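The structure file run-v9.cif is reproduced below (mmCIF, C-alpha atoms and all ligand atoms).
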```cif
data_my_file
loop_
_atom_site.label_atom_id
_atom_site.label_comp_id
_atom_site.auth_asym_id
_atom_site.auth_seq_id
_atom_site.Cartn_x
_atom_site.Cartn_y
_atom_site.Cartn_z
CA MET A 1 7.79 -27.09 2.44
CA SER A 2 5.61 -28.24 5.30
CA PRO A 3 3.81 -31.64 5.15
CA PRO A 4 0.34 -31.50 3.56
CA ASP A 5 -2.57 -30.94 5.96
CA PRO A 6 -6.11 -31.53 4.62
CA ARG A 7 -7.26 -28.31 6.34
CA GLY A 8 -4.62 -26.28 4.48
CA LEU A 9 -1.50 -24.66 5.82
CA GLY A 10 -0.63 -24.48 9.49
CA PRO A 11 2.24 -23.39 11.70
CA GLY A 12 5.49 -24.53 10.11
CA ALA A 13 4.29 -23.42 6.68
CA VAL A 14 6.75 -21.47 4.55
CA LEU A 15 5.57 -18.12 3.23
CA GLY A 16 7.49 -16.74 0.25
CA ILE A 17 7.57 -12.95 -0.05
CA LEU A 18 8.66 -11.05 -3.16
CA GLY A 19 10.51 -7.93 -2.07
CA GLY A 20 12.69 -7.36 0.97
CA GLY A 21 11.85 -3.84 2.19
CA GLN A 22 10.29 -2.75 5.46
CA LEU A 23 6.87 -4.17 4.61
CA ALA A 24 8.40 -7.61 4.05
CA ARG A 25 10.38 -7.18 7.25
CA MET A 26 7.26 -6.48 9.31
CA LEU A 27 5.42 -9.34 7.58
CA ALA A 28 8.28 -11.69 8.45
CA LEU A 29 8.19 -10.65 12.11
CA ALA A 30 4.42 -11.23 12.23
CA ALA A 31 4.77 -14.56 10.43
CA ALA A 32 7.28 -15.68 13.05
CA ASP A 33 4.69 -14.93 15.77
CA LEU A 34 2.36 -17.38 14.03
CA GLY A 35 4.98 -20.08 13.60
CA VAL A 36 5.22 -19.40 9.87
CA ARG A 37 8.68 -19.34 8.30
CA VAL A 38 9.44 -16.66 5.73
CA HIS A 39 11.57 -16.97 2.62
CA ILE A 40 12.27 -13.62 0.92
CA PHE A 41 13.01 -13.31 -2.79
CA ALA A 42 14.48 -9.96 -3.81
CA PRO A 43 17.13 -8.62 -6.19
CA ASP A 44 19.09 -6.55 -3.66
CA ALA A 45 22.33 -7.66 -2.03
CA ASP A 46 21.11 -6.18 1.24
CA SER A 47 17.49 -5.63 2.30
CA PRO A 48 15.71 -4.81 5.58
CA ALA A 49 13.80 -8.13 5.61
CA TYR A 50 16.76 -10.48 5.21
CA GLU A 51 17.93 -10.21 8.80
CA VAL A 52 14.55 -11.25 10.23
CA ALA A 53 13.55 -13.92 7.70
CA ALA A 54 14.34 -17.63 7.98
CA ARG A 55 15.76 -17.62 4.44
CA HIS A 56 16.35 -15.31 1.54
CA THR A 57 17.19 -15.69 -2.12
CA ILE A 58 18.89 -12.88 -3.99
CA GLY A 59 17.68 -13.03 -7.56
CA ALA A 60 16.25 -10.98 -10.40
CA TYR A 61 12.47 -11.14 -10.84
CA GLU A 62 13.16 -12.39 -14.37
CA ASP A 63 15.45 -15.25 -13.26
CA GLU A 64 13.21 -18.26 -13.90
CA ALA A 65 15.64 -20.83 -12.49
CA ALA A 66 15.86 -18.91 -9.21
CA LEU A 67 12.08 -18.37 -9.15
CA ALA A 68 11.45 -22.09 -9.76
CA SER A 69 13.65 -23.12 -6.79
CA PHE A 70 11.98 -20.45 -4.67
CA ALA A 71 8.51 -21.74 -5.63
CA ASP A 72 9.61 -25.30 -4.74
CA ALA A 73 10.80 -24.16 -1.33
CA VAL A 74 7.62 -22.36 -0.20
CA ASP A 75 3.94 -23.20 0.42
CA VAL A 76 2.45 -19.90 -0.71
CA VAL A 77 3.79 -16.68 -2.19
CA THR A 78 2.85 -13.07 -1.50
CA TYR A 79 4.52 -9.73 -2.22
CA GLU A 80 5.17 -6.39 -0.60
CA PHE A 81 4.97 -4.17 -3.70
CA GLU A 82 2.53 -3.85 -6.57
CA ASN A 83 5.06 -3.65 -9.38
CA VAL A 84 5.82 -7.35 -9.45
CA PRO A 85 6.26 -8.06 -13.19
CA ALA A 86 3.20 -9.85 -14.62
CA ALA A 87 5.44 -12.60 -16.06
CA THR A 88 6.97 -13.24 -12.62
CA ALA A 89 3.51 -13.49 -11.04
CA ALA A 90 2.29 -15.87 -13.78
CA PHE A 91 5.43 -18.03 -13.51
CA LEU A 92 5.04 -18.39 -9.75
CA ALA A 93 1.26 -18.83 -9.84
CA ALA A 94 1.71 -21.84 -12.14
CA ARG A 95 3.84 -23.51 -9.44
CA THR A 96 2.48 -22.41 -6.07
CA PRO A 97 -0.49 -20.47 -4.68
CA LEU A 98 0.01 -16.72 -5.16
CA HIS A 99 -1.98 -14.30 -2.98
CA PRO A 100 -3.18 -11.73 -3.86
CA GLY A 101 -3.65 -13.15 -7.35
CA ALA A 102 -2.64 -12.00 -10.80
CA ARG A 103 -5.88 -10.03 -11.35
CA ALA A 104 -5.27 -7.80 -8.32
CA LEU A 105 -1.81 -7.04 -9.67
CA ALA A 106 -2.96 -6.39 -13.23
CA VAL A 107 -5.70 -3.98 -12.10
CA THR A 108 -3.65 -2.04 -9.58
CA GLN A 109 -0.38 -1.78 -11.54
CA ASP A 110 -1.93 0.53 -14.08
CA ARG A 111 -3.69 3.71 -12.98
CA LEU A 112 -5.93 3.74 -16.06
CA THR A 113 -7.07 0.12 -15.61
CA GLU A 114 -7.55 0.78 -11.90
CA LYS A 115 -9.63 3.94 -12.43
CA ARG A 116 -11.84 2.15 -14.97
CA PHE A 117 -12.26 -0.81 -12.65
CA VAL A 118 -13.30 1.43 -9.75
CA ALA A 119 -15.61 3.57 -11.91
CA ASP A 120 -17.23 0.39 -13.31
CA LEU A 121 -18.11 -0.61 -9.74
CA GLY A 122 -20.10 2.63 -9.54
CA LEU A 123 -17.68 4.16 -7.01
CA ALA A 124 -16.62 7.80 -7.23
CA VAL A 125 -13.20 8.56 -8.77
CA ALA A 126 -11.67 11.81 -10.05
CA PRO A 127 -12.63 12.49 -13.66
CA PHE A 128 -9.86 11.04 -15.84
CA GLU A 129 -8.65 10.81 -19.44
CA SER A 130 -6.12 8.49 -21.04
CA VAL A 131 -3.03 10.34 -22.35
CA ASP A 132 -0.60 8.72 -24.82
CA SER A 133 0.72 11.81 -26.58
CA LEU A 134 1.05 15.56 -26.25
CA ALA A 135 -2.02 15.93 -28.48
CA ASP A 136 -3.99 13.69 -26.07
CA LEU A 137 -2.78 15.81 -23.17
CA GLU A 138 -3.94 19.02 -24.85
CA LYS A 139 -7.37 17.49 -25.50
CA ALA A 140 -7.60 16.10 -21.96
CA VAL A 141 -6.72 19.45 -20.38
CA ALA A 142 -9.30 21.17 -22.58
CA LYS A 143 -11.88 18.67 -21.32
CA LEU A 144 -11.03 18.45 -17.61
CA GLY A 145 -9.72 22.00 -17.11
CA ARG A 146 -6.98 23.24 -14.81
CA PRO A 147 -5.75 22.42 -12.25
CA ALA A 148 -5.34 18.77 -13.08
CA VAL A 149 -2.77 16.08 -12.32
CA LEU A 150 -0.82 14.19 -14.99
CA LYS A 151 0.33 10.78 -13.76
CA THR A 152 2.20 7.96 -15.45
CA ARG A 153 0.00 4.89 -15.68
CA ARG A 154 2.66 2.65 -14.18
CA PHE A 155 5.44 2.76 -11.58
CA GLY A 156 4.31 5.88 -9.74
CA TYR A 157 4.58 6.03 -5.94
CA ASP A 158 5.00 8.72 -3.29
CA GLY A 159 4.21 11.39 -5.90
CA LYS A 160 6.81 10.16 -8.39
CA GLY A 161 5.72 10.19 -12.05
CA GLN A 162 3.28 13.06 -11.40
CA VAL A 163 3.03 16.63 -12.58
CA LYS A 164 0.42 19.16 -11.52
CA ILE A 165 -1.03 21.04 -14.46
CA ALA A 166 -1.67 24.48 -13.00
CA ASP A 167 -2.77 27.66 -14.78
CA GLY A 168 0.60 28.54 -16.28
CA THR A 169 1.98 25.00 -16.77
CA ASP A 170 3.41 24.41 -20.25
CA LEU A 171 1.91 21.14 -21.50
CA ALA A 172 4.88 20.14 -23.69
CA GLN A 173 7.14 20.56 -20.68
CA ALA A 174 4.80 18.53 -18.45
CA TRP A 175 4.70 15.76 -21.07
CA ASP A 176 8.53 15.81 -21.20
CA GLU A 177 8.68 15.73 -17.41
CA ILE A 178 6.84 12.44 -17.16
CA GLY A 179 9.06 10.98 -19.90
CA HIS A 180 6.37 10.51 -22.60
CA PHE A 181 5.16 7.37 -20.82
CA PRO A 182 1.52 6.28 -21.15
CA ALA A 183 -0.32 8.44 -18.64
CA ILE A 184 -3.65 9.61 -17.32
CA LEU A 185 -4.86 13.10 -16.62
CA GLU A 186 -6.98 13.42 -13.51
CA GLY A 187 -9.23 16.33 -12.69
CA PHE A 188 -8.14 18.02 -9.48
CA VAL A 189 -10.14 16.95 -6.47
CA THR A 190 -10.60 19.64 -3.83
CA PHE A 191 -10.53 17.52 -0.73
CA SER A 192 -10.72 18.35 2.96
CA ARG A 193 -8.67 15.33 4.01
CA GLU A 194 -7.14 12.13 2.77
CA VAL A 195 -8.32 8.93 4.42
CA SER A 196 -7.75 5.25 3.82
CA VAL A 197 -9.24 1.89 4.60
CA VAL A 198 -6.93 -1.02 5.29
CA ALA A 199 -8.84 -4.28 5.07
CA ALA A 200 -8.42 -8.00 4.60
CA ARG A 201 -10.31 -10.53 2.57
CA ALA A 202 -9.91 -14.27 3.02
CA ALA A 203 -10.29 -17.01 0.40
CA ASP A 204 -13.71 -17.92 1.87
CA GLY A 205 -14.91 -14.37 1.17
CA SER A 206 -14.78 -13.16 4.77
CA PHE A 207 -13.87 -9.51 5.07
CA ALA A 208 -12.48 -7.46 7.97
CA ALA A 209 -11.65 -3.76 7.81
CA PHE A 210 -9.70 -1.67 10.28
CA ASP A 211 -11.16 1.71 11.24
CA VAL A 212 -10.85 4.45 8.62
CA CYS A 213 -7.64 6.37 9.14
CA GLU A 214 -6.67 9.90 8.23
CA ASN A 215 -3.41 10.55 6.43
CA GLU A 216 -1.28 13.64 6.17
CA HIS A 217 1.37 13.77 3.46
CA ARG A 218 4.43 15.99 3.31
CA ASP A 219 6.35 16.27 0.04
CA HIS A 220 4.07 13.50 -1.31
CA ILE A 221 5.24 11.08 1.39
CA LEU A 222 2.97 9.91 4.22
CA ALA A 223 3.98 11.80 7.35
CA LEU A 224 1.23 11.08 9.87
CA THR A 225 -1.74 8.72 10.24
CA GLN A 226 -4.43 9.35 12.87
CA VAL A 227 -7.21 7.05 13.92
CA PRO A 228 -10.06 7.64 14.31
CA ALA A 229 -10.19 9.84 11.23
CA ARG A 230 -12.18 13.06 11.32
CA ILE A 231 -14.97 11.68 9.15
CA GLY A 232 -18.72 11.28 9.66
CA ALA A 233 -20.21 7.85 10.23
CA ALA A 234 -21.97 7.73 6.84
CA ALA A 235 -18.81 8.54 4.87
CA ALA A 236 -16.77 6.10 6.97
CA ASP A 237 -19.31 3.36 6.26
CA ALA A 238 -19.23 4.25 2.56
CA ALA A 239 -15.43 4.00 2.50
CA ILE A 240 -15.47 0.58 4.16
CA GLU A 241 -18.24 -0.61 1.85
CA ALA A 242 -16.22 0.61 -1.16
CA ALA A 243 -13.22 -1.39 0.07
CA ARG A 244 -15.39 -4.46 0.58
CA ARG A 245 -16.74 -4.24 -2.96
CA ILE A 246 -13.27 -3.70 -4.42
CA GLY A 247 -11.95 -6.75 -2.57
CA GLU A 248 -14.92 -8.81 -3.70
CA ALA A 249 -14.62 -7.78 -7.35
CA LEU A 250 -10.91 -8.62 -7.37
CA GLY A 251 -11.48 -12.01 -5.69
CA TYR A 252 -8.84 -10.68 -3.35
CA VAL A 253 -6.97 -12.70 -0.72
CA GLY A 254 -4.81 -10.74 1.73
CA VAL A 255 -4.61 -7.22 3.12
CA PHE A 256 -5.08 -4.22 0.87
CA ALA A 257 -5.55 -0.49 1.23
CA VAL A 258 -7.88 1.90 -0.52
CA GLU A 259 -6.93 5.57 -0.38
CA PHE A 260 -9.69 8.15 -0.63
CA PHE A 261 -10.14 11.88 -0.90
CA LEU A 262 -12.77 13.16 1.50
CA VAL A 263 -14.82 15.82 -0.25
CA GLU A 264 -17.26 18.16 1.48
CA GLY A 265 -20.20 18.64 -0.86
CA GLU A 266 -23.68 20.09 -0.59
CA GLY A 267 -25.08 16.67 0.22
CA GLY A 268 -22.48 16.11 2.97
CA GLU A 269 -19.20 14.24 2.88
CA GLN A 270 -18.32 12.04 -0.05
CA VAL A 271 -15.42 9.61 -0.45
CA VAL A 272 -13.62 9.57 -3.81
CA VAL A 273 -11.31 6.63 -4.48
CA ASN A 274 -7.75 7.72 -5.26
CA GLU A 275 -5.72 4.52 -5.25
CA ILE A 276 -5.74 0.81 -4.36
CA ALA A 277 -2.62 -0.81 -2.93
CA PRO A 278 -2.65 -4.64 -3.17
CA ARG A 279 -0.50 -5.13 -0.09
CA VAL A 280 -0.01 -4.07 3.49
CA HIS A 281 0.18 -0.30 3.56
CA ASN A 282 2.01 2.46 5.40
CA SER A 283 -1.33 3.90 6.56
CA GLY A 284 -1.97 0.57 8.34
CA HIS A 285 1.21 0.60 10.45
CA TRP A 286 -0.78 1.98 13.41
CA THR A 287 -2.49 -1.41 13.73
CA SER A 288 0.65 -3.02 15.22
CA GLU A 289 -0.14 -1.53 18.62
CA GLY A 290 -3.43 0.22 17.86
CA ALA A 291 -5.65 -2.69 16.81
CA GLN A 292 -6.40 -6.16 18.14
CA THR A 293 -4.68 -7.72 15.12
CA SER A 294 -1.95 -5.95 13.16
CA GLN A 295 -2.24 -5.62 9.39
CA PHE A 296 0.90 -7.78 9.10
CA HIS A 297 -0.52 -10.65 11.16
CA GLN A 298 -3.79 -10.25 9.28
CA HIS A 299 -2.07 -10.56 5.90
CA VAL A 300 -0.17 -13.67 6.99
CA ARG A 301 -3.44 -15.15 8.30
CA ALA A 302 -5.27 -14.39 5.05
CA VAL A 303 -2.66 -15.68 2.61
CA CYS A 304 -2.00 -18.82 4.67
CA GLY A 305 -5.74 -19.55 4.93
CA PHE A 306 -5.89 -19.03 8.72
CA PRO A 307 -8.96 -17.35 10.28
CA LEU A 308 -8.87 -13.53 10.12
CA GLY A 309 -8.30 -11.67 13.38
CA ALA A 310 -10.40 -9.01 15.13
CA THR A 311 -9.78 -5.48 13.86
CA ALA A 312 -11.12 -3.41 16.78
CA ARG A 313 -9.12 -0.32 17.64
CA ARG A 314 -7.44 -0.10 21.04
CA GLY A 315 -7.68 3.66 21.51
CA ARG A 316 -6.79 6.89 19.74
CA VAL A 317 -3.75 6.15 17.67
CA THR A 318 -1.17 8.16 15.77
CA MET A 319 1.54 6.78 13.54
CA GLN A 320 4.36 9.09 12.59
CA ASN A 321 6.78 8.11 9.85
CA LEU A 322 10.47 8.70 10.50
CA ILE A 323 11.80 10.02 7.21
CA GLY A 324 15.54 10.47 6.61
CA ASP A 325 17.23 12.22 9.56
CA GLN A 326 14.11 12.04 11.75
CA ALA A 327 15.21 8.54 12.71
CA ASN A 328 18.22 10.08 14.46
CA ASP A 329 15.81 11.02 17.27
CA TRP A 330 15.40 7.36 18.22
CA ARG A 331 16.86 7.84 21.70
CA ALA A 332 14.46 10.66 22.63
CA ILE A 333 11.54 8.66 21.17
CA LEU A 334 12.44 5.61 23.23
CA ALA A 335 12.64 7.79 26.34
CA GLU A 336 9.05 8.97 25.84
CA PRO A 337 6.68 6.74 27.85
CA GLY A 338 4.08 4.84 25.87
CA THR A 339 5.63 5.26 22.44
CA HIS A 340 6.42 2.34 20.19
CA LEU A 341 9.43 2.71 17.95
CA HIS A 342 9.91 0.63 14.83
CA LEU A 343 13.19 0.96 12.95
CA TYR A 344 13.68 -0.79 9.64
CA GLY A 345 17.41 -1.48 9.97
CA LYS A 346 18.35 0.66 6.95
CA ARG A 347 21.95 1.70 7.17
CA GLU A 348 21.80 5.01 5.33
CA ALA A 349 19.30 7.80 6.17
CA ARG A 350 18.87 9.42 2.77
CA PRO A 351 16.44 12.37 2.47
CA GLY A 352 12.91 11.11 1.76
CA ARG A 353 13.77 7.55 2.79
CA LYS A 354 11.38 5.83 5.21
CA MET A 355 13.64 4.75 8.08
CA GLY A 356 11.06 3.76 10.68
CA HIS A 357 7.87 4.86 12.41
CA VAL A 358 6.47 5.61 15.84
CA THR A 359 3.02 4.77 17.14
CA ARG A 360 1.31 6.30 20.12
CA VAL A 361 -1.91 4.89 21.59
CA LEU A 362 -4.02 7.01 23.95
CA PRO A 363 -7.23 6.01 25.71
CA ASP A 364 -10.40 6.73 23.76
CA ARG A 365 -12.32 9.81 24.79
CA ASP A 366 -15.84 9.06 26.06
P1 LIG B 401 -1.09 9.39 -5.67
O1 LIG B 401 0.28 8.92 -5.99
O2 LIG B 401 -2.06 9.19 -6.77
O3 LIG B 401 -1.59 8.83 -4.35
O4 LIG B 401 -0.99 10.96 -5.42
C1 LIG B 401 -0.14 11.51 -4.43
C2 LIG B 401 -0.81 12.71 -3.77
O5 LIG B 401 -1.06 13.74 -4.75
C3 LIG B 401 -2.18 12.40 -3.19
O6 LIG B 401 -2.05 11.83 -1.90
C4 LIG B 401 -2.84 13.76 -3.21
O7 LIG B 401 -2.40 14.53 -2.10
C5 LIG B 401 -2.31 14.37 -4.49
N1 LIG B 401 -3.23 14.08 -5.60
C6 LIG B 401 -3.15 13.02 -6.44
N2 LIG B 401 -4.16 13.02 -7.32
C7 LIG B 401 -4.91 14.10 -7.07
C8 LIG B 401 -6.10 14.65 -7.64
N3 LIG B 401 -6.70 14.08 -8.70
N4 LIG B 401 -6.59 15.78 -7.08
C9 LIG B 401 -5.99 16.36 -6.03
N5 LIG B 401 -4.86 15.91 -5.46
C10 LIG B 401 -4.31 14.79 -5.95
#
```

If you convert what's in this file into structure tokens, what do you get?
Amino acid sequence: MSPPDPRGLGPGAVLGILGGGQLARMLALAAADLGVRVHIFAPDADSPAYEVAARHTIGAYEDEAALASFADAVDVVTYEFENVPAATAAFLAARTPLHPGARALAVTQDRLTEKRFVADLGLAVAPFESVDSLADLEKAVAKLGRPAVLKTRRFGYDGKGQVKIADGTDLAQAWDEIGHFPAILEGFVTFSREVSVVAARAADGSFAAFDVCENEHRDHILALTQVPARIGAAAADAAIEAARRIGEALGYVGVFAVEFFLVEGEGGEQVVVNEIAPRVHNSGHWTSEGAQTSQFHQHVRAVCGFPLGATARRGRVTMQNLIGDQANDWRAILAEPGTHLHLYGKREARPGRKMGHVTRVLPDRD
């Protein structure tokens, strides 16, 4: 740990990160820029972040002895994934500052809790019903109609733990498919685009959002992010204001993302909240070259209590994910002038696996 400084942490501080994937790797690289040393805690023998972090501990999230030594060795803890077990978060929070805090995790780990939280703020969400049994599912489908989307409340990502309930879908089969886990049924939102806001909130309440970005998914995995998004100024302002209110209500410290559906209605465009991610987010990767501060530097700043950085965009930006074999094109990508290649150091390019990404920044049109 670094020596105490009455103003809080400074360069030389040790940032603990739970999880060792590509998000932790990019956080560790940003932390190094700021003179902050990173200590990763993750269960895997090999992880993308280990090779760029000052230290790593391989341990189970339930291993209290390992967690206690980790907490002793760091000044502040953050995480790169929202499924940190609540007991792990509570154990660490009792020993060292944890940002974002336990409330952000509790709300965002469970789709039902999250939807209620967002709806209670008066923000638009898809209509939803809680589903704990096949009988609940039948009632929920009768109420919300078809199509609808059945999602497990917990542990869903990149479209996993989801079944679309279309006209002919057999409900018993859909219930089997999601493994009879507690779930929610969401009414289907007919959207024109998916957009997201990546933003940061600091402990003093200051808030800084990056420009709204537009996201295109393929096979439920983010394929392409474009900024600026094709969205009107009023809807963009509404999305950023929604993110600000969510951050405020969670007492959030760090970077987070709010994903929205953009809906074209009679009264114009409306943003409907889909999901909150309490961490740096794939749709914010464009900020590394496309904004004055990257989301990774911004998160390190926020959780260490440093001033937040400027979020202005540097041009028209695209971020393309390299999924599976697409990363094999690295040589051609590097040969293309003005592209920025990021590879995550994963040894095996399995289908659907995020191997890296490419950003391209072009001058803004007048
Ligand atoms: P999620 O894991 O909730 O982000 O959902 C993954 C993707 O499924 C979204 O990015 C949408 O493309 C689609 N999707 C999820 N929920 C809905 C919904 N209620 N209506 C329409 N499409 C949805």

field: Separation of atom CA of A:Ala349 from atom CA of A:Ile40 in Å
entry: 23.1 Å

query: Contacts of A:Ala233 at 12 Å or less, counting only C-alpha atoms, minus same-chain residues fewer than 6 places along, as a PyMOL selection string?
result: chain A and resi 211-212+239-240+268-271

message: Ranking A:Leu134, A:Leu112, A:Leu362, A:Leu171 by minimum distance to ligand LIG 401 (chain B) and counting only C-alpha atoms and all ligand atoms, which one comes first?
response: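 Looking only at the distances to ligand LIG 401 (chain B), the closest residue turns out to be A:Leu112.
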
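For ligand LIG 401 (chain B), the neighbouring protein, DNA and RNA residues, which are those within 8 Å when all atoms listed in the file are counted, are Ala126, Pro127, Ala148, Val149, Lys151, Gly156, Tyr157, Asp158, Gly159, Lys160, Gln162, Glu186, Gly187, Phe188, Val189, Thr190, Phe191, Glu194, His217, His220, Ile221, Glu259, Phe261, Asn274 and Glu275 of chain A.
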
Exercise: A:Leu322 partners within 12 Å, all atoms listed in the file, chain neighbours under 2 positions left out, as number ranges by chain: A: 218, 221-224, 282, 319-320, 324-330, 333, 341-344, 346, 349-359

Answer as a list in words, residues within 12 Å of (-14.5, 11.7, 24.6) using all atoms listed in the file: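 In the file's frame, the residues around the point are Pro228, Gly315, Arg316, Leu362, Pro363, Asp364, Arg365 and Asp366 of chain A.
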
field: Point-to-point distance in Å for atom CA of A:Ala312 and atom CA of A:Leu18
entry: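 Atom CA of A:Leu18 sits 29.1 Å away from atom CA of A:Ala312.
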
Give me, as JSON lines, each residue of stretch 252-282 of chain A that comes within 12 Å of stretch 93-100 of chain A, together with its shortest interatomic pair and the distance in Å at one decimal, counting all atoms listed in the file, with rows ordered by chain and rising residue number.
```
{"residue": "A:Tyr252", "atom": "CA", "partner": "A:Pro100", "partner_atom": "CA", "distance": 5.8}
{"residue": "A:Val253", "atom": "CA", "partner": "A:Pro100", "partner_atom": "CA", "distance": 5.0}
{"residue": "A:Gly254", "atom": "CA", "partner": "A:Pro100", "partner_atom": "CA", "distance": 5.9}
{"residue": "A:Val255", "atom": "CA", "partner": "A:Pro100", "partner_atom": "CA", "distance": 8.4}
{"residue": "A:Phe256", "atom": "CA", "partner": "A:Pro100", "partner_atom": "CA", "distance": 9.1}
{"residue": "A:Ala277", "atom": "CA", "partner": "A:Pro100", "partner_atom": "CA", "distance": 11.0}
{"residue": "A:Pro278", "atom": "CA", "partner": "A:Pro100", "partner_atom": "CA", "distance": 7.1}
{"residue": "A:Arg279", "atom": "CA", "partner": "A:Pro100", "partner_atom": "CA", "distance": 8.1}
{"residue": "A:Val280", "atom": "CA", "partner": "A:Pro100", "partner_atom": "CA", "distance": 11.1}
```

task: Can you work out which one of A:Ala106, A:Val361, A:Val163, A:Ile184 has the shortest atom-to-atom distance to A:Thr225, counting only C-alpha atoms?
output: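 Using only C-alpha atoms, A:Thr225 sits closest to A:Val361.
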
query: Using all atoms listed in the file, which of A:Phe296, A:Phe117, A:Tyr61, A:Phe70 sits nearest A:Pro85?
result: A:Tyr61

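Between A:Ser294 and the residues A:Ala229, A:Thr57, A:Thr311, A:Ala183, the shortest atom-to-atom distance, using only C-alpha atoms, involves A:Thr311.
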